[in-house]
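One structure is given here, and the rest of the page talks about it.
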Number of protein chains: 2
Amino acid sequence: MKPGERRRLLLLATVGEIARVGTRGVRVESVAAEAGVSPALIYHHFGDRSGLLVAALEHVGDMAHGYTARPRRRGTGLDRVRAALLAEIQDNALVRTNSAAWGELRDAAIFDGTLRPTISRLTEEWSAAIADLVQEGCNDGSISAIAGGLTPQSAAHALTALVEGISGRWLNGSLSTREARARLRASIDATLASPFPGGPAH
Amino acid sequence: MKPGERRRLLLLATVGEIARVGTRGVRVESVAAEAGVSPALIYHHFGDRSGLLVAALEHVGDMAHGYTARPRRRGTGLDRVRAALLAEIQDNALVRTNSAAWGELRDAAIFDGTLRPTISRLTEEWSAAIADLVQEGCNDGSISAIAGGLTPQSAAHALTALVEGISGRWLNGSLSTREARARLRASIDATLASPFPGGPAH
C-alpha cells in the first residue's frame with residue numbers, strides 16, 4: 001500500500017469513529033484497531049491525537065468538497081448554488097458519516113482550541129465558494145436579486161449556516177432526506193430567486 | 001431543600017456536564033459528584049441514565065423558553081420574532097451552556113433513539129411558537145411579505161434552523177456574539193421584512 005493511501009484509510013477510520021462515538025470519545029487505540037494497524041503507525045503519521053483530529057477535520061472538508069464539486073459544475077449560477085448546497089444532504093452513507101463528523105468536530109471545537117482555526121478556515125472557504133457561485137448567478141441573470149439586499153457573501157454565510165442547521169435535524173431523524181432537501185431548496189429560492197409577490201418580474 | 005428544587009439542581013448539573021464532556025461522555029457518577037449527591041438519588045429521580053438525559057433535554061427546552069420569553073413579549077410581530085430568535089445568542093454563561101448542551105443532545109440523537117422523539121417535539125414546538133409570531137406580524141402589518149412566498153410555518157422552520165447553524169459557529173468561536181447576532185438579524189430581515197429592491201414599499 002502506498003503511504004498516501006494508508007494515510008487516507010487511517011483518516012477514513014478516524015472520521016467514522018468521530019461520527020460514531022463523538023470527537024471526545026475518539027481514542028488513538030480504537031482508531032488503530034478499527035483500521036487494523038498499530039497505534040504507533042498513527043503516531044508516526046499524525047504526531048499525536050490532536051494532529052489526528054485536525055487531519056480528520058481537513059479530510060472531512062476534502063470529502064465534502066469532492067461530493068459537492070460534481071453537482072456544482074453545470075448550469076446557471078443559481079443552478080450551481082442549489083446543486084452545491086443540496087449535495088450536502090443525500091441518502092448516502094458517506095455523506096451522512098461525513099456530515100455527522102463535521103457536526104461533532106464543529107462542536108468539539110467549543111472546548112478544543114486546536115480544532116478552532118481549521119474549522120473556522122474551512123467554514124470560510126465553503127462560504128466563499130458559495131459566494132462565488134451566487135456572484136456568478138447575479139452576473140448571468142439567473143439570480144435577479146438577493147432577499148433583503150444581502151451581498152453574495154452575506155447570503156452565502158446565511159445559506160451555509162442554514163445547511164448546517166437543517167443537516168443537524170436531518171441527521172438525527174427529525175427530518176427525512178426528502179423533507180430536508182425540500183426545505184433547503186425553498187429557502188435557497190426564497191433568498192436568491194423568487195422576488196416578493198408584487199416585486200420585479202424576472 | 002424541596003424535591004422540585006433538588007431535581008432542578010440535578011438537571012442543571014447534568015446540562016453543564018453535557019455541554020462540557022458531550023452527551024456520550026456523561027456518567028451518572030460524575031453528575032452525582034458534580035451535584036454533591038449520591039448516584040442512588042439520581043436513579044431515584046430519573047430511573048436510569050437515559051431518563052436523566054431525556055429530562056435534561058426537556059430542561060434545556062424549558063430554559064430556552066424562559067430566556068426567550070421575556071424579549072418576545074413586546075412590540076410588533078416582527079419585533080417579537082427578532083427578539084425571540086436573537087435571545088438565543090447572548091453573551092451569557094447560561095445561554096452558552098444551554099445552547100451547547102442543545103447541540104450535543106441534538107447530535108447524540110443521531111445514535112440515541114431514546115432522545116429522538118423529545119428533540120423532534122421540542123424543535124417542532126419552538127418552530128410553531130416562532131410561526132405564531134410571524135403570523136402575528138403578517139396580521140399587524142409589520143411583516144409585509146415573506147421572501148419566496150414561504151408560509152409562516154416554513155419561514156419559522158428555516159429561521160430556527162438558521163439559528164442552530166449560526167449558533168454552532170458562535171459557540172465554537174468562529175463568530176463573535178456581535179457578528180453572530182448581526183448575521184442572524186440580517187437574515188431575519190431578509191426573510192421577513194425587507195422587500196426586494198423595487199418591491200412593494202412598506
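Here's how to read the names in the C-alpha cells: chain A, B, ... by the order shown, residue numbers from 1 in each chain, ligand numbers from 1 in the order shown.
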Counting only C-alpha atoms, which residues of chain A fall within 6 Å of chain B, and what is the closest atom pair for each with its distance in Å at one decimal, ordered by chain and rising number, as JSON lines?
```
{"residue": "A:Ala109", "atom": "CA", "partner": "B:Asn172", "partner_atom": "CA", "distance": 5.3}
{"residue": "A:Ile110", "atom": "CA", "partner": "B:Asn172", "partner_atom": "CA", "distance": 4.0}
{"residue": "A:Ser120", "atom": "CA", "partner": "B:Ser174", "partner_atom": "CA", "distance": 5.2}
{"residue": "A:Ala147", "atom": "CA", "partner": "B:Ala190", "partner_atom": "CA", "distance": 5.1}
{"residue": "A:Gly148", "atom": "CA", "partner": "B:Ala190", "partner_atom": "CA", "distance": 3.8}
{"residue": "A:Ala161", "atom": "CA", "partner": "B:Gly165", "partner_atom": "CA", "distance": 4.4}
{"residue": "A:Leu162", "atom": "CA", "partner": "B:Leu162", "partner_atom": "CA", "distance": 4.5}
{"residue": "A:Glu164", "atom": "CA", "partner": "B:Gly165", "partner_atom": "CA", "distance": 5.0}
{"residue": "A:Gly165", "atom": "CA", "partner": "B:Gly165", "partner_atom": "CA", "distance": 4.3}
{"residue": "A:Ile166", "atom": "CA", "partner": "B:Ala161", "partner_atom": "CA", "distance": 5.5}
{"residue": "A:Leu171", "atom": "CA", "partner": "B:Ile110", "partner_atom": "CA", "distance": 5.9}
{"residue": "A:Asn172", "atom": "CA", "partner": "B:Ile110", "partner_atom": "CA", "distance": 4.0}
{"residue": "A:Ser174", "atom": "CA", "partner": "B:Ser120", "partner_atom": "CA", "distance": 5.2}
{"residue": "A:Ala190", "atom": "CA", "partner": "B:Gly148", "partner_atom": "CA", "distance": 3.9}
{"residue": "A:Ser194", "atom": "CA", "partner": "B:Gly148", "partner_atom": "CA", "distance": 5.0}
{"residue": "A:Phe196", "atom": "CA", "partner": "B:Ala147", "partner_atom": "CA", "distance": 5.6}
{"residue": "A:Gly199", "atom": "CA", "partner": "B:Gly199", "partner_atom": "CA", "distance": 3.9}
```
Suppose we keep N, CA, C and O atoms; can you now write the selection as a PDB file, in the first residue's frame?
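Result file follows (out02.pdb):
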```
ATOM      1  N   ALA A 109     -14.917  21.797  18.872  1.00  0.00           N
ATOM      2  CA  ALA A 109     -14.072  22.999  18.815  1.00  0.00           C
ATOM      3  C   ALA A 109     -14.471  24.032  19.869  1.00  0.00           C
ATOM      4  O   ALA A 109     -13.713  24.955  20.168  1.00  0.00           O
ATOM      5  N   ILE A 110     -15.679  23.877  20.461  1.00  0.00           N
ATOM      6  CA  ILE A 110     -16.084  24.777  21.548  1.00  0.00           C
ATOM      7  C   ILE A 110     -15.057  24.684  22.686  1.00  0.00           C
ATOM      8  O   ILE A 110     -14.699  25.678  23.298  1.00  0.00           O
ATOM      9  N   SER A 120     -12.745  27.134  11.493  1.00  0.00           N
ATOM     10  CA  SER A 120     -13.104  28.480  11.030  1.00  0.00           C
ATOM     11  C   SER A 120     -12.667  28.665   9.576  1.00  0.00           C
ATOM     12  O   SER A 120     -13.414  29.204   8.761  1.00  0.00           O
ATOM     13  N   ALA A 147     -32.581  38.463  -1.451  1.00  0.00           N
ATOM     14  CA  ALA A 147     -33.554  38.969  -0.467  1.00  0.00           C
ATOM     15  C   ALA A 147     -32.870  39.897   0.525  1.00  0.00           C
ATOM     16  O   ALA A 147     -31.751  39.630   0.976  1.00  0.00           O
ATOM     17  N   GLY A 148     -33.557  40.983   0.844  1.00  0.00           N
ATOM     18  CA  GLY A 148     -33.047  41.913   1.853  1.00  0.00           C
ATOM     19  C   GLY A 148     -31.840  42.697   1.382  1.00  0.00           C
ATOM     20  O   GLY A 148     -31.197  43.367   2.187  1.00  0.00           O
ATOM     21  N   ALA A 161     -24.881  28.358   6.818  1.00  0.00           N
ATOM     22  CA  ALA A 161     -25.318  28.141   8.214  1.00  0.00           C
ATOM     23  C   ALA A 161     -26.655  27.402   8.227  1.00  0.00           C
ATOM     24  O   ALA A 161     -26.887  26.513   9.049  1.00  0.00           O
ATOM     25  N   LEU A 162     -27.514  27.764   7.285  1.00  0.00           N
ATOM     26  CA  LEU A 162     -28.810  27.084   7.193  1.00  0.00           C
ATOM     27  C   LEU A 162     -28.618  25.607   6.862  1.00  0.00           C
ATOM     28  O   LEU A 162     -29.293  24.741   7.426  1.00  0.00           O
ATOM     29  N   GLU A 164     -26.158  23.796   7.747  1.00  0.00           N
ATOM     30  CA  GLU A 164     -25.727  23.134   8.979  1.00  0.00           C
ATOM     31  C   GLU A 164     -26.908  22.891   9.920  1.00  0.00           C
ATOM     32  O   GLU A 164     -27.018  21.826  10.531  1.00  0.00           O
ATOM     33  N   GLY A 165     -27.784  23.879  10.019  1.00  0.00           N
ATOM     34  CA  GLY A 165     -28.952  23.724  10.892  1.00  0.00           C
ATOM     35  C   GLY A 165     -29.891  22.637  10.395  1.00  0.00           C
ATOM     36  O   GLY A 165     -30.345  21.786  11.161  1.00  0.00           O
ATOM     37  N   ILE A 166     -30.196  22.654   9.097  1.00  0.00           N
ATOM     38  CA  ILE A 166     -31.108  21.639   8.545  1.00  0.00           C
ATOM     39  C   ILE A 166     -30.447  20.262   8.616  1.00  0.00           C
ATOM     40  O   ILE A 166     -31.087  19.259   8.911  1.00  0.00           O
ATOM     41  N   LEU A 171     -29.881  14.604  10.182  1.00  0.00           N
ATOM     42  CA  LEU A 171     -29.051  13.510  10.693  1.00  0.00           C
ATOM     43  C   LEU A 171     -29.698  12.817  11.887  1.00  0.00           C
ATOM     44  O   LEU A 171     -29.595  11.597  12.030  1.00  0.00           O
ATOM     45  N   ASN A 172     -30.374  13.586  12.740  1.00  0.00           N
ATOM     46  CA  ASN A 172     -30.957  12.939  13.927  1.00  0.00           C
ATOM     47  C   ASN A 172     -32.369  12.421  13.659  1.00  0.00           C
ATOM     48  O   ASN A 172     -33.048  11.957  14.585  1.00  0.00           O
ATOM     49  N   SER A 174     -35.100  13.988  12.697  1.00  0.00           N
ATOM     50  CA  SER A 174     -36.265  14.864  12.841  1.00  0.00           C
ATOM     51  C   SER A 174     -36.854  15.196  11.465  1.00  0.00           C
ATOM     52  O   SER A 174     -38.040  15.498  11.346  1.00  0.00           O
ATOM     53  N   ALA A 190     -36.015  31.269  -1.807  1.00  0.00           N
ATOM     54  CA  ALA A 190     -36.531  32.477  -1.150  1.00  0.00           C
ATOM     55  C   ALA A 190     -35.429  33.522  -1.007  1.00  0.00           C
ATOM     56  O   ALA A 190     -35.672  34.718  -1.102  1.00  0.00           O
ATOM     57  N   SER A 194     -36.746  34.002  -5.930  1.00  0.00           N
ATOM     58  CA  SER A 194     -38.095  34.494  -6.134  1.00  0.00           C
ATOM     59  C   SER A 194     -38.244  35.886  -5.559  1.00  0.00           C
ATOM     60  O   SER A 194     -38.035  36.089  -4.374  1.00  0.00           O
ATOM     61  N   PHE A 196     -40.316  39.083  -4.046  1.00  0.00           N
ATOM     62  CA  PHE A 196     -41.525  39.164  -3.233  1.00  0.00           C
ATOM     63  C   PHE A 196     -42.730  39.291  -4.177  1.00  0.00           C
ATOM     64  O   PHE A 196     -42.604  39.844  -5.264  1.00  0.00           O
ATOM     65  N   GLY A 199     -43.145  42.165  -6.445  1.00  0.00           N
ATOM     66  CA  GLY A 199     -41.813  42.706  -6.745  1.00  0.00           C
ATOM     67  C   GLY A 199     -41.538  42.628  -8.243  1.00  0.00           C
ATOM     68  O   GLY A 199     -42.423  42.295  -9.022  1.00  0.00           O
TER      69      GLY A 199
END
```
Can you tell me which residues surround His59 in chain A at a distance of at most 9 Å, considering only C-alpha atoms, apart from same-chain residues fewer than 6 positions away, and format the answer as an mmCIF file with N, CA and C atoms, in the first residue's frame?
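And here's part24.cif as it stands now:
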```
data_model
loop_
_atom_site.group_PDB
_atom_site.id
_atom_site.type_symbol
_atom_site.label_atom_id
_atom_site.label_comp_id
_atom_site.auth_asym_id
_atom_site.auth_seq_id
_atom_site.Cartn_x
_atom_site.Cartn_y
_atom_site.Cartn_z
ATOM 1 N N ARG A 8 -4.889 7.892 3.976
ATOM 2 C CA ARG A 8 -6.291 8.116 3.658
ATOM 3 C C ARG A 8 -7.195 7.119 4.397
ATOM 4 N N LEU A 11 -7.479 8.032 7.979
ATOM 5 C CA LEU A 11 -8.370 9.186 8.171
ATOM 6 C C LEU A 11 -9.831 8.767 8.039
ATOM 7 N N LEU A 12 -10.107 7.887 7.083
ATOM 8 C CA LEU A 12 -11.483 7.386 6.927
ATOM 9 C C LEU A 12 -11.937 6.695 8.202
ATOM 10 N N VAL A 15 -12.640 9.374 10.824
ATOM 11 C CA VAL A 15 -13.899 10.090 10.585
ATOM 12 C C VAL A 15 -15.083 9.219 11.000
#
```
I need the residues of range 88-191 of chain A that end up classed as alpha helix (DSSP H) by DSSP on the backbone, written out as a ChimeraX atom specification. /A:93-108,116-140,152-171,177-191
Set the distance at 10 Å and use only C-alpha atoms: which residues neighbour Thr14 in chain B once local chain neighbours fewer than 6 positions away are removed? I'd like the list as number ranges by chain. B: 8, 20, 23, 26-28, 30-32, 34-35, 52-53, 55-57, 59, 101
Quick one: of B:Glu88, B:Ser142, B:Arg181, B:Ala131, who's nearest to Ala69 in chain B, counting only C-alpha atoms?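 Using only C-alpha atoms, Ala69 in chain B sits closest to B:Glu88.
Using only C-alpha atoms, the protein and nucleic acid residues lying no more than 10 Å from Leu41 in chain A, apart from those fewer than 4 places from it along its own chain, are Arg6, Arg7, Leu10, Ala32, Val37, His45, Phe46 and Gly47 of chain A.
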Output N, CA, C and O atoms for every residue in that selection, as a compact mmCIF listing (two decimals), in the first residue's frame.
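Generated file (selection.txt):
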```txt
# COMPACT_ATOMS: atom_id res chain seq x y z
N ARG A 6 -2.50 4.66 2.61
CA ARG A 6 -2.63 4.23 4.02
C ARG A 6 -3.10 5.39 4.90
O ARG A 6 -3.98 5.24 5.73
N ARG A 7 -2.54 6.58 4.65
CA ARG A 7 -2.95 7.76 5.41
C ARG A 7 -4.45 8.02 5.22
O ARG A 7 -5.17 8.31 6.18
N LEU A 10 -6.50 5.57 7.18
CA LEU A 10 -6.49 5.92 8.62
C LEU A 10 -7.45 7.07 8.89
O LEU A 10 -8.18 7.08 9.89
N ALA A 32 -6.84 2.75 15.67
CA ALA A 32 -5.84 1.78 15.19
C ALA A 32 -6.49 0.40 15.03
O ALA A 32 -6.32 -0.26 14.00
N VAL A 37 -4.25 -1.46 12.29
CA VAL A 37 -2.83 -1.08 12.33
C VAL A 37 -2.43 -0.87 13.79
O VAL A 37 -3.28 -0.91 14.69
N HIS A 45 2.21 8.90 11.57
CA HIS A 45 1.60 9.75 10.53
C HIS A 45 1.13 11.10 11.04
O HIS A 45 1.19 12.10 10.32
N PHE A 46 0.58 11.13 12.27
CA PHE A 46 -0.13 12.33 12.70
C PHE A 46 0.44 13.01 13.95
O PHE A 46 -0.12 13.99 14.43
N GLY A 47 1.53 12.44 14.50
CA GLY A 47 2.14 13.08 15.66
C GLY A 47 1.47 12.71 16.97
O GLY A 47 2.02 11.98 17.77
```
For Gly66 in chain A, list every protein, DNA or RNA residue within 12 Å, evaluated using only C-alpha atoms, and leave out those in the same chain fewer than 2 positions away; present the list as a PyMOL selection string. chain A and resi 59-64+68-73+84+87-88+94-95+98
Atom pair CA of Glu17 in chain B / CA of Asp48 in chain B: separation (Å): 16.2 Å
All residues 8 Å or closer to Gly137 in chain A, only C-alpha atoms, same chain fewer than 3 positions away omitted, as a list in words: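 Those residues are Thr76, Gly77, Leu78, Leu133, Val134, Asp140, Gly141, Ser142 and Ile143 of chain A.
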Store the residues picked out above in a file with N, CA and C atoms, as a PDB file, in the first residue's frame.
```pdb
ATOM      1  N   THR A  76     -26.656  27.358 -14.715  1.00  0.00           N
ATOM      2  CA  THR A  76     -26.537  28.774 -14.356  1.00  0.00           C
ATOM      3  C   THR A  76     -25.948  28.893 -12.952  1.00  0.00           C
ATOM      4  N   GLY A  77     -25.618  30.091 -12.570  1.00  0.00           N
ATOM      5  CA  GLY A  77     -25.124  30.327 -11.222  1.00  0.00           C
ATOM      6  C   GLY A  77     -26.122  29.821 -10.180  1.00  0.00           C
ATOM      7  N   LEU A  78     -27.408  30.128 -10.387  1.00  0.00           N
ATOM      8  CA  LEU A  78     -28.422  29.683  -9.424  1.00  0.00           C
ATOM      9  C   LEU A  78     -28.491  28.155  -9.359  1.00  0.00           C
ATOM     10  N   LEU A 133     -20.392  31.391  -6.472  1.00  0.00           N
ATOM     11  CA  LEU A 133     -21.482  30.896  -7.326  1.00  0.00           C
ATOM     12  C   LEU A 133     -22.661  31.873  -7.322  1.00  0.00           C
ATOM     13  N   VAL A 134     -22.933  32.465  -6.158  1.00  0.00           N
ATOM     14  CA  VAL A 134     -24.016  33.452  -6.086  1.00  0.00           C
ATOM     15  C   VAL A 134     -23.672  34.644  -6.983  1.00  0.00           C
ATOM     16  N   ASP A 140     -24.904  36.237 -14.473  1.00  0.00           N
ATOM     17  CA  ASP A 140     -25.561  35.608 -15.638  1.00  0.00           C
ATOM     18  C   ASP A 140     -27.071  35.830 -15.639  1.00  0.00           C
ATOM     19  N   GLY A 141     -27.593  36.543 -14.630  1.00  0.00           N
ATOM     20  CA  GLY A 141     -29.011  36.890 -14.614  1.00  0.00           C
ATOM     21  C   GLY A 141     -29.924  35.823 -14.013  1.00  0.00           C
ATOM     22  N   SER A 142     -29.355  34.677 -13.606  1.00  0.00           N
ATOM     23  CA  SER A 142     -30.221  33.644 -13.018  1.00  0.00           C
ATOM     24  C   SER A 142     -30.668  34.035 -11.608  1.00  0.00           C
ATOM     25  N   ILE A 143     -29.928  34.934 -10.969  1.00  0.00           N
ATOM     26  CA  ILE A 143     -30.348  35.490  -9.682  1.00  0.00           C
ATOM     27  C   ILE A 143     -30.638  36.969  -9.914  1.00  0.00           C
TER      28      ILE A 143
END
```
Å distance separating CA of Gly51 in chain A from CA of Ile89 in chain A, one decimal place: 28.2 Å
